[in-house]
Amino acid sequence: DSGLTPAGVEYARRLAQFAKDPIAKTEDGKERPCRLWTSTLRRTKETAQFIEHYKFEHAFDNGEVGEWVQFRRMPRRNLDELYAGVCDGMTYKEIEQVFPEEFERRQQDKLAYRYPRGESYMDVTLRLEPLAQEMERTREPVLVVGHQGILRILYAYFMGLDRKEAPYVSIPLNNVIELTPHAYGCHEKRYCLMMKEEMLNDGQDEPVTSMPVLKRDSFVDNVNTHYAASDPIMNAPSC
């Protein structure tokens with residue numbers, strides 16, 4: 001349960017400013033109530049540490065006026081990162097060296113693979129389902145400070161992707177992804193708050209073979225899916 005690097009602390013400061021404006025402001029500059037969800041792990045709490053919490057009067061949809069605490073932090077255990085069991089705390093390189101058979105099994109089926117005494121993407125999908133449904137019922141903007149695997153699944157859910165695509169969705173560090181629901185899905189915007197050149201290592205050192213293979217032909221519907229190089233979801237640009 002590690003904390004942030006110096007680069008992570010700098011990103012946290014920039015996220016706090018972004019939360020203040022534009023997330024908490026409407027297009028005409030008015031304050032709007034917002035929610036803040038983090039996981040229970042230290043690094044997401046620290047990422048949200050500079051976001052301001054202040055009170056103001058808010059008129060709710062039912063006509064009642066009450067006090068709202070802006071961005072009240074709500075840790076959600078559902079948002080904790082995929083638990084790697086006996087491999088927890090290890091880098092991918094260390095897993096490959098210590099547990100080569102497990103490493104290979106994960107490469108073959110990233111969606112269904114379950115770490116020894118840990119979780120799979122399928123397991124995490126099940127624990128995230130109630131939270132995703134709660135998000136759908138929530139009227140206010142929700143800022144989710146989560147982990148790559150978790151955000152992949154939530155993104156796939158709201159964008160209507162097939163679940164086998166979820167483990168490969170691009171969720172770059174230092175970005176805020178805004179999803180705005182509409183009748184048939186969500187509009188998407190991505191905001192880069194910190195250029196990759198400002199970091200020595202982005203920490204997302206997944207082995208290449210566990211990611212989609214770039215290929216310029218059409219999709220192949222099997223376990224080792226080949227995604228088109230121009231596909232905007234699987235190859236979304238990072239900072």
# chains A, B, ... in the order shown; residues from 1 in each chain; ligands from 1
$ residues_around --residues "Phe103 of chain A" --least-positions-apart "3" --cutoff "10 Å" --atoms "only C-alpha atoms" --output "CSV table (one decimal) with C-alpha atoms, in the first residue's frame"
chain,number,residue,atom,x,y,z
A,92,TYR,CA,5.7,-7.7,-13.8
A,93,LYS,CA,9.3,-8.5,-14.3
A,94,GLU,CA,9.6,-10.1,-10.9
A,95,ILE,CA,6.4,-12.2,-11.5
A,96,GLU,CA,7.9,-13.4,-14.8
A,97,GLN,CA,11.1,-14.5,-13.0
A,98,VAL,CA,9.5,-16.0,-9.8
A,99,PHE,CA,6.3,-17.4,-11.2
A,100,PRO,CA,6.9,-18.0,-15.0
A,106,ARG,CA,-2.0,-14.3,-17.6
A,107,GLN,CA,-0.6,-13.5,-21.0
A,108,GLN,CA,-2.9,-16.1,-22.6
A,113,TYR,CA,-6.8,-15.2,-15.2
A,115,TYR,CA,-3.7,-14.6,-9.5
A,207,PRO,CA,4.6,-6.6,-20.6
A,210,SER,CA,-0.3,-8.6,-22.4
$ residues_around --residues "Tyr155 of chain A" --least-positions-apart "4" --cutoff "9 Å" --atoms "only C-alpha atoms" --output "PyMOL selection string"
chain A and resi 150-151+159-161+166+169+171+179
$ select_by_dssp --residues "segment 35-235 of chain A" --states "alpha helix (DSSP H)" --output "tab-separated table (two decimals) with C-alpha atoms, in the first residue's frame"
chain	number	residue	atom	x	y	z
A	42	ARG	CA	-3.16	5.15	0.38
A	43	ARG	CA	-2.18	6.30	-3.12
A	44	THR	CA	-5.69	7.28	-4.18
A	45	LYS	CA	-6.35	9.09	-0.91
A	46	GLU	CA	-3.10	11.00	-1.34
A	47	THR	CA	-4.01	11.84	-4.94
A	92	TYR	CA	5.66	-7.72	-13.80
A	93	LYS	CA	9.35	-8.53	-14.33
A	94	GLU	CA	9.57	-10.10	-10.87
A	95	ILE	CA	6.42	-12.15	-11.50
A	96	GLU	CA	7.90	-13.41	-14.77
A	97	GLN	CA	11.07	-14.48	-12.97
A	98	VAL	CA	9.53	-16.00	-9.81
A	100	PRO	CA	6.94	-17.96	-14.97
A	101	GLU	CA	3.98	-20.33	-15.40
A	102	GLU	CA	1.56	-17.88	-13.81
A	103	PHE	CA	2.98	-15.07	-15.94
A	104	GLU	CA	2.36	-17.09	-19.09
A	105	ARG	CA	-1.18	-18.02	-18.04
A	106	ARG	CA	-2.04	-14.34	-17.55
A	107	GLN	CA	-0.61	-13.52	-20.97
A	108	GLN	CA	-2.89	-16.10	-22.56
A	121	TYR	CA	-10.66	-9.05	-14.05
A	122	MET	CA	-13.90	-11.07	-13.98
A	123	ASP	CA	-13.90	-11.05	-10.17
A	124	VAL	CA	-13.38	-7.28	-10.10
A	125	THR	CA	-16.17	-6.78	-12.65
A	126	LEU	CA	-18.60	-8.47	-10.25
A	127	ARG	CA	-17.65	-6.30	-7.28
A	128	LEU	CA	-17.82	-3.14	-9.39
A	129	GLU	CA	-21.29	-3.80	-10.78
A	130	PRO	CA	-23.24	-2.39	-7.78
A	131	LEU	CA	-21.01	0.68	-7.73
A	132	ALA	CA	-21.52	1.30	-11.46
A	133	GLN	CA	-25.27	1.09	-10.96
A	134	GLU	CA	-25.03	3.58	-8.10
A	135	MET	CA	-23.11	5.94	-10.38
A	136	GLU	CA	-25.92	5.71	-12.93
A	137	ARG	CA	-28.41	6.85	-10.28
A	148	GLN	CA	-5.81	1.40	-13.80
A	149	GLY	CA	-7.57	-1.99	-13.73
A	150	ILE	CA	-10.62	-0.57	-11.96
A	151	LEU	CA	-10.93	2.40	-14.29
A	152	ARG	CA	-10.61	0.12	-17.31
A	153	ILE	CA	-13.66	-1.85	-16.20
A	154	LEU	CA	-15.74	1.23	-15.37
A	155	TYR	CA	-14.80	2.81	-18.69
A	156	ALA	CA	-15.75	-0.32	-20.61
A	157	TYR	CA	-19.08	-0.50	-18.75
A	158	PHE	CA	-20.13	3.06	-19.49
$ closest_residue --among "A:Leu82, A:Leu41, A:Leu36, A:Val65" --to "Ser120 of chain A" --atoms "only C-alpha atoms"
A:Leu82
$ closest_atom_pairs --of "segment 122-185 of chain A" --to "segment 22-27 of chain A" --cutoff "10 Å" --atoms "only C-alpha atoms" --output "JSON lines"
{"residue": "A:Glu140", "atom": "CA", "partner": "A:Ala24", "partner_atom": "CA", "distance": 9.9}
{"residue": "A:Pro141", "atom": "CA", "partner": "A:Ile23", "partner_atom": "CA", "distance": 7.6}
{"residue": "A:Val142", "atom": "CA", "partner": "A:Ile23", "partner_atom": "CA", "distance": 9.2}
{"residue": "A:Leu143", "atom": "CA", "partner": "A:Ile23", "partner_atom": "CA", "distance": 8.4}
{"residue": "A:Glu178", "atom": "CA", "partner": "A:Ile23", "partner_atom": "CA", "distance": 9.4}
$ write_last_selection --atoms "N, CA, C and O atoms" --output "PDB file, in the first residue's frame"
ATOM      1  N   GLU A 140     -25.197  14.167  -9.454  1.00  0.00           N
ATOM      2  CA  GLU A 140     -24.068  15.091  -9.439  1.00  0.00           C
ATOM      3  C   GLU A 140     -22.859  14.482 -10.153  1.00  0.00           C
ATOM      4  O   GLU A 140     -22.723  13.261 -10.238  1.00  0.00           O
ATOM      5  N   PRO A 141     -21.947  15.318 -10.653  1.00  0.00           N
ATOM      6  CA  PRO A 141     -20.693  14.799 -11.191  1.00  0.00           C
ATOM      7  C   PRO A 141     -19.936  14.018 -10.125  1.00  0.00           C
ATOM      8  O   PRO A 141     -19.882  14.428  -8.960  1.00  0.00           O
ATOM      9  N   VAL A 142     -19.361  12.881 -10.508  1.00  0.00           N
ATOM     10  CA  VAL A 142     -18.587  12.051  -9.589  1.00  0.00           C
ATOM     11  C   VAL A 142     -17.143  12.002 -10.080  1.00  0.00           C
ATOM     12  O   VAL A 142     -16.877  11.569 -11.204  1.00  0.00           O
ATOM     13  N   LEU A 143     -16.220  12.455  -9.249  1.00  0.00           N
ATOM     14  CA  LEU A 143     -14.799  12.340  -9.555  1.00  0.00           C
ATOM     15  C   LEU A 143     -14.290  11.059  -8.903  1.00  0.00           C
ATOM     16  O   LEU A 143     -14.305  10.936  -7.683  1.00  0.00           O
ATOM     17  N   GLU A 178     -13.324  12.370 -18.857  1.00  0.00           N
ATOM     18  CA  GLU A 178     -14.686  12.834 -18.579  1.00  0.00           C
ATOM     19  C   GLU A 178     -15.681  12.063 -19.443  1.00  0.00           C
ATOM     20  O   GLU A 178     -15.588  12.068 -20.669  1.00  0.00           O
TER      21      GLU A 178
END
$ closest_residue --among "A:Glu119, A:His147, A:Gly66, A:His58" --to "Cys87 of chain A" --atoms "only C-alpha atoms"
A:Glu119
$ select_by_dssp --residues "segment 5-225 of chain A" --states "strand (DSSP E)" --output "PyMOL selection string"
chain A and resi 35-38+55-59+65-69+73-75+142-145+175-182+185-192+213-215
$ write_last_selection --atoms "N, CA and C atoms" --output "compact mmCIF listing (two decimals), in the first residue's frame"
# COMPACT_ATOMS: atom_id res chain seq x y z
N ARG A 35 -19.27 15.02 -6.21
CA ARG A 35 -18.90 13.93 -5.32
C ARG A 35 -17.47 13.48 -5.62
N LEU A 36 -16.82 12.90 -4.61
CA LEU A 36 -15.46 12.39 -4.75
C LEU A 36 -15.39 10.99 -4.17
N TRP A 37 -15.04 10.03 -5.01
CA TRP A 37 -14.87 8.65 -4.58
C TRP A 37 -13.42 8.25 -4.78
N THR A 38 -12.83 7.63 -3.77
CA THR A 38 -11.49 7.06 -3.89
C THR A 38 -11.57 5.59 -3.48
N LYS A 55 -18.33 23.99 2.40
CA LYS A 55 -19.78 23.86 2.48
C LYS A 55 -20.46 25.03 1.78
N PHE A 56 -21.61 24.75 1.17
CA PHE A 56 -22.42 25.81 0.59
C PHE A 56 -23.87 25.35 0.53
N GLU A 57 -24.78 26.28 0.41
CA GLU A 57 -26.20 25.98 0.32
C GLU A 57 -26.53 25.53 -1.09
N HIS A 58 -27.30 24.44 -1.18
CA HIS A 58 -27.65 23.90 -2.50
C HIS A 58 -29.14 23.57 -2.56
N ALA A 59 -29.77 23.95 -3.66
CA ALA A 59 -31.18 23.63 -3.89
C ALA A 59 -31.28 22.30 -4.63
N VAL A 65 -33.66 23.04 0.20
CA VAL A 65 -32.36 23.69 0.24
C VAL A 65 -31.60 23.17 1.45
N GLY A 66 -30.39 22.73 1.22
CA GLY A 66 -29.62 22.19 2.33
C GLY A 66 -28.14 22.44 2.14
N GLU A 67 -27.36 22.02 3.14
CA GLU A 67 -25.91 22.23 3.11
C GLU A 67 -25.24 21.09 2.35
N TRP A 68 -24.34 21.44 1.47
CA TRP A 68 -23.60 20.45 0.68
C TRP A 68 -22.12 20.59 0.99
N VAL A 69 -21.46 19.47 1.25
CA VAL A 69 -20.01 19.48 1.43
C VAL A 69 -19.38 19.10 0.09
N ARG A 73 -14.91 13.37 0.59
CA ARG A 73 -14.22 12.15 0.19
C ARG A 73 -14.96 10.92 0.71
N MET A 74 -15.21 9.98 -0.20
CA MET A 74 -15.88 8.74 0.18
C MET A 74 -15.03 7.55 -0.28
N PRO A 75 -14.24 6.95 0.60
CA PRO A 75 -13.46 5.77 0.22
C PRO A 75 -14.39 4.59 -0.04
N VAL A 142 -19.36 12.88 -10.51
CA VAL A 142 -18.59 12.05 -9.59
C VAL A 142 -17.14 12.00 -10.08
N LEU A 143 -16.22 12.45 -9.25
CA LEU A 143 -14.80 12.34 -9.55
C LEU A 143 -14.29 11.06 -8.90
N VAL A 144 -13.86 10.12 -9.71
CA VAL A 144 -13.37 8.83 -9.22
C VAL A 144 -11.85 8.82 -9.32
N VAL A 145 -11.19 8.70 -8.19
CA VAL A 145 -9.73 8.55 -8.16
C VAL A 145 -9.47 7.07 -7.90
N ASN A 175 -4.05 11.76 -16.54
CA ASN A 175 -5.18 12.20 -17.34
C ASN A 175 -6.47 12.12 -16.55
N VAL A 176 -7.38 13.04 -16.82
CA VAL A 176 -8.75 12.94 -16.35
C VAL A 176 -9.61 12.60 -17.55
N ILE A 177 -10.40 11.53 -17.43
CA ILE A 177 -11.30 11.13 -18.50
C ILE A 177 -12.72 11.50 -18.10
N GLU A 178 -13.32 12.37 -18.86
CA GLU A 178 -14.69 12.83 -18.58
C GLU A 178 -15.68 12.06 -19.44
N LEU A 179 -16.62 11.39 -18.80
CA LEU A 179 -17.69 10.68 -19.50
C LEU A 179 -19.01 11.34 -19.17
N THR A 180 -19.71 11.80 -20.19
CA THR A 180 -21.00 12.46 -20.03
C THR A 180 -22.08 11.60 -20.65
N PRO A 181 -23.00 11.04 -19.86
CA PRO A 181 -24.02 10.14 -20.40
C PRO A 181 -24.95 10.85 -21.38
N HIS A 182 -25.35 10.10 -22.41
CA HIS A 182 -26.42 10.54 -23.30
C HIS A 182 -27.29 9.32 -23.59
N GLY A 185 -25.17 6.10 -24.77
CA GLY A 185 -23.81 5.85 -24.28
C GLY A 185 -23.26 7.06 -23.57
N CYS A 186 -22.00 7.39 -23.84
CA CYS A 186 -21.35 8.52 -23.19
C CYS A 186 -20.49 9.29 -24.18
N HIS A 187 -20.50 10.61 -24.04
CA HIS A 187 -19.51 11.43 -24.72
C HIS A 187 -18.24 11.39 -23.89
N GLU A 188 -17.10 11.46 -24.55
CA GLU A 188 -15.82 11.35 -23.85
C GLU A 188 -14.90 12.53 -24.17
N LYS A 189 -14.24 13.03 -23.12
CA LYS A 189 -13.16 14.00 -23.27
C LYS A 189 -12.01 13.56 -22.37
N ARG A 190 -10.79 13.78 -22.82
CA ARG A 190 -9.61 13.47 -22.00
C ARG A 190 -8.79 14.74 -21.79
N TYR A 191 -8.38 14.94 -20.55
CA TYR A 191 -7.60 16.11 -20.18
C TYR A 191 -6.25 15.65 -19.64
N CYS A 192 -5.18 16.05 -20.29
CA CYS A 192 -3.84 15.73 -19.81
C CYS A 192 -3.38 16.81 -18.85
N VAL A 213 -2.06 -6.40 -29.74
CA VAL A 213 -1.06 -6.30 -30.79
C VAL A 213 -1.59 -5.37 -31.87
N LEU A 214 -0.82 -4.35 -32.22
CA LEU A 214 -1.27 -3.41 -33.23
C LEU A 214 -1.23 -4.06 -34.60
N LYS A 215 -2.33 -3.96 -35.30
CA LYS A 215 -2.43 -4.53 -36.62
C LYS A 215 -3.43 -3.71 -37.41
$ atom_distance --atom1 "atom CA of His53 of chain A" --atom2 "atom CA of Pro33 of chain A"
11.0 Å
$ residues_around --residues "Val9 of chain A" --least-positions-apart "4" --cutoff "12 Å" --atoms "only C-alpha atoms" --output "PyMOL selection string"
chain A and resi 3-5+13-16+43-50+174+194+199
$ write_last_selection --atoms "all heavy atoms" --output "compact mmCIF listing (two decimals), in the first residue's frame"
# COMPACT_ATOMS: atom_id res chain seq x y z
N GLY A 3 2.74 4.90 -1.04
CA GLY A 3 2.30 6.27 -1.24
C GLY A 3 2.70 6.79 -2.60
O GLY A 3 3.13 6.04 -3.48
N LEU A 4 2.58 8.11 -2.78
CA LEU A 4 2.87 8.73 -4.06
C LEU A 4 4.36 9.06 -4.20
O LEU A 4 5.05 9.32 -3.22
CB LEU A 4 2.07 10.03 -4.21
CG LEU A 4 0.55 9.90 -4.26
CD1 LEU A 4 -0.06 11.30 -4.44
CD2 LEU A 4 0.11 8.98 -5.38
N THR A 5 4.81 9.08 -5.44
CA THR A 5 6.13 9.62 -5.76
C THR A 5 6.03 11.13 -5.79
O THR A 5 4.93 11.70 -5.77
CB THR A 5 6.58 9.12 -7.14
OG1 THR A 5 5.68 9.66 -8.13
CG2 THR A 5 6.56 7.59 -7.21
N ARG A 13 -1.71 17.96 -6.92
CA ARG A 13 -1.94 19.40 -6.84
C ARG A 13 -2.68 19.90 -8.08
O ARG A 13 -3.60 20.72 -7.98
CB ARG A 13 -0.61 20.13 -6.69
CG ARG A 13 0.12 19.84 -5.38
CD ARG A 13 1.39 20.67 -5.24
NE ARG A 13 2.16 20.29 -4.06
CZ ARG A 13 1.91 20.75 -2.84
NH1 ARG A 13 0.92 21.60 -2.64
NH2 ARG A 13 2.65 20.35 -1.81
N ARG A 14 -2.29 19.40 -9.23
CA ARG A 14 -2.94 19.82 -10.47
C ARG A 14 -4.38 19.30 -10.54
O ARG A 14 -5.27 19.97 -11.05
CB ARG A 14 -2.14 19.35 -11.67
CG ARG A 14 -0.72 19.90 -11.70
CD ARG A 14 0.02 19.54 -12.97
NE ARG A 14 1.44 19.86 -12.85
CZ ARG A 14 2.30 19.79 -13.87
NH1 ARG A 14 1.87 19.41 -15.07
NH2 ARG A 14 3.57 20.09 -13.68
N LEU A 15 -4.59 18.09 -10.03
CA LEU A 15 -5.94 17.55 -10.01
C LEU A 15 -6.85 18.39 -9.13
O LEU A 15 -8.02 18.61 -9.45
CB LEU A 15 -5.92 16.10 -9.51
CG LEU A 15 -7.29 15.41 -9.41
CD1 LEU A 15 -7.94 15.29 -10.79
CD2 LEU A 15 -7.16 14.03 -8.77
N ALA A 16 -6.34 18.88 -8.00
CA ALA A 16 -7.14 19.71 -7.10
C ALA A 16 -7.58 20.99 -7.80
O ALA A 16 -8.73 21.43 -7.64
CB ALA A 16 -6.34 20.03 -5.84
N ARG A 43 -2.55 5.47 -1.97
CA ARG A 43 -2.18 6.30 -3.12
C ARG A 43 -3.35 7.07 -3.73
O ARG A 43 -3.16 8.17 -4.24
CB ARG A 43 -1.47 5.46 -4.19
CG ARG A 43 -2.20 4.22 -4.66
CD ARG A 43 -1.23 3.35 -5.45
NE ARG A 43 -1.82 2.12 -5.97
CZ ARG A 43 -1.90 0.99 -5.30
NH1 ARG A 43 -1.48 0.94 -4.05
NH2 ARG A 43 -2.41 -0.09 -5.85
N THR A 44 -4.56 6.51 -3.66
CA THR A 44 -5.69 7.28 -4.18
C THR A 44 -6.11 8.37 -3.20
O THR A 44 -6.50 9.46 -3.60
CB THR A 44 -6.89 6.38 -4.51
OG1 THR A 44 -7.33 5.71 -3.31
CG2 THR A 44 -6.54 5.35 -5.57
N LYS A 45 -6.03 8.07 -1.92
CA LYS A 45 -6.35 9.09 -0.91
C LYS A 45 -5.37 10.26 -1.02
O LYS A 45 -5.76 11.42 -0.91
CB LYS A 45 -6.32 8.49 0.49
CG LYS A 45 -7.41 7.46 0.76
CD LYS A 45 -7.29 6.90 2.16
CE LYS A 45 -8.38 5.88 2.46
NZ LYS A 45 -8.25 5.32 3.83
N GLU A 46 -4.09 9.94 -1.22
CA GLU A 46 -3.10 11.00 -1.34
C GLU A 46 -3.28 11.79 -2.63
O GLU A 46 -2.99 12.99 -2.67
CB GLU A 46 -1.68 10.41 -1.26
CG GLU A 46 -1.32 9.88 0.12
CD GLU A 46 0.12 9.42 0.22
OE1 GLU A 46 0.84 9.46 -0.82
OE2 GLU A 46 0.54 9.02 1.32
N THR A 47 -3.75 11.13 -3.69
CA THR A 47 -4.01 11.84 -4.94
C THR A 47 -5.12 12.86 -4.77
O THR A 47 -5.15 13.89 -5.45
CB THR A 47 -4.36 10.85 -6.06
OG1 THR A 47 -3.28 9.91 -6.22
CG2 THR A 47 -4.58 11.56 -7.39
N ALA A 48 -6.03 12.59 -3.85
CA ALA A 48 -7.16 13.51 -3.60
C ALA A 48 -6.90 14.47 -2.45
O ALA A 48 -7.78 15.26 -2.10
CB ALA A 48 -8.42 12.69 -3.31
N GLN A 49 -5.70 14.47 -1.89
CA GLN A 49 -5.46 15.18 -0.63
C GLN A 49 -5.58 16.69 -0.73
O GLN A 49 -5.89 17.37 0.26
CB GLN A 49 -4.07 14.82 -0.09
CG GLN A 49 -2.91 15.30 -0.95
CD GLN A 49 -1.57 14.87 -0.41
OE1 GLN A 49 -1.21 15.18 0.73
NE2 GLN A 49 -0.81 14.13 -1.21
N PHE A 50 -5.35 17.28 -1.91
CA PHE A 50 -5.37 18.74 -2.04
C PHE A 50 -6.72 19.27 -2.52
O PHE A 50 -6.89 20.48 -2.64
CB PHE A 50 -4.27 19.19 -2.99
CG PHE A 50 -2.88 18.80 -2.54
CD1 PHE A 50 -2.14 17.89 -3.29
CD2 PHE A 50 -2.34 19.33 -1.39
CE1 PHE A 50 -0.87 17.52 -2.88
CE2 PHE A 50 -1.06 18.96 -0.96
CZ PHE A 50 -0.33 18.04 -1.71
N ASN A 174 -1.93 10.53 -15.31
CA ASN A 174 -1.91 11.99 -15.43
C ASN A 174 -3.03 12.56 -16.28
O ASN A 174 -2.98 13.70 -16.71
CB ASN A 174 -0.57 12.48 -15.99
CG ASN A 174 0.61 11.85 -15.30
OD1 ASN A 174 0.57 11.62 -14.10
ND2 ASN A 174 1.65 11.55 -16.04
N MET A 194 -0.57 16.45 -16.88
CA MET A 194 0.88 16.38 -16.62
C MET A 194 1.53 15.60 -17.75
O MET A 194 1.18 14.44 -18.00
CB MET A 194 1.13 15.69 -15.27
CG MET A 194 2.55 15.76 -14.78
SD MET A 194 2.62 15.11 -13.07
CE MET A 194 4.35 15.31 -12.72
N MET A 199 7.85 12.98 -16.08
CA MET A 199 8.00 11.83 -15.20
C MET A 199 9.14 10.97 -15.69
O MET A 199 9.36 10.81 -16.89
CB MET A 199 6.71 11.01 -15.16
CG MET A 199 5.50 11.78 -14.70
SD MET A 199 4.07 10.72 -14.54
CE MET A 199 4.56 9.63 -13.23
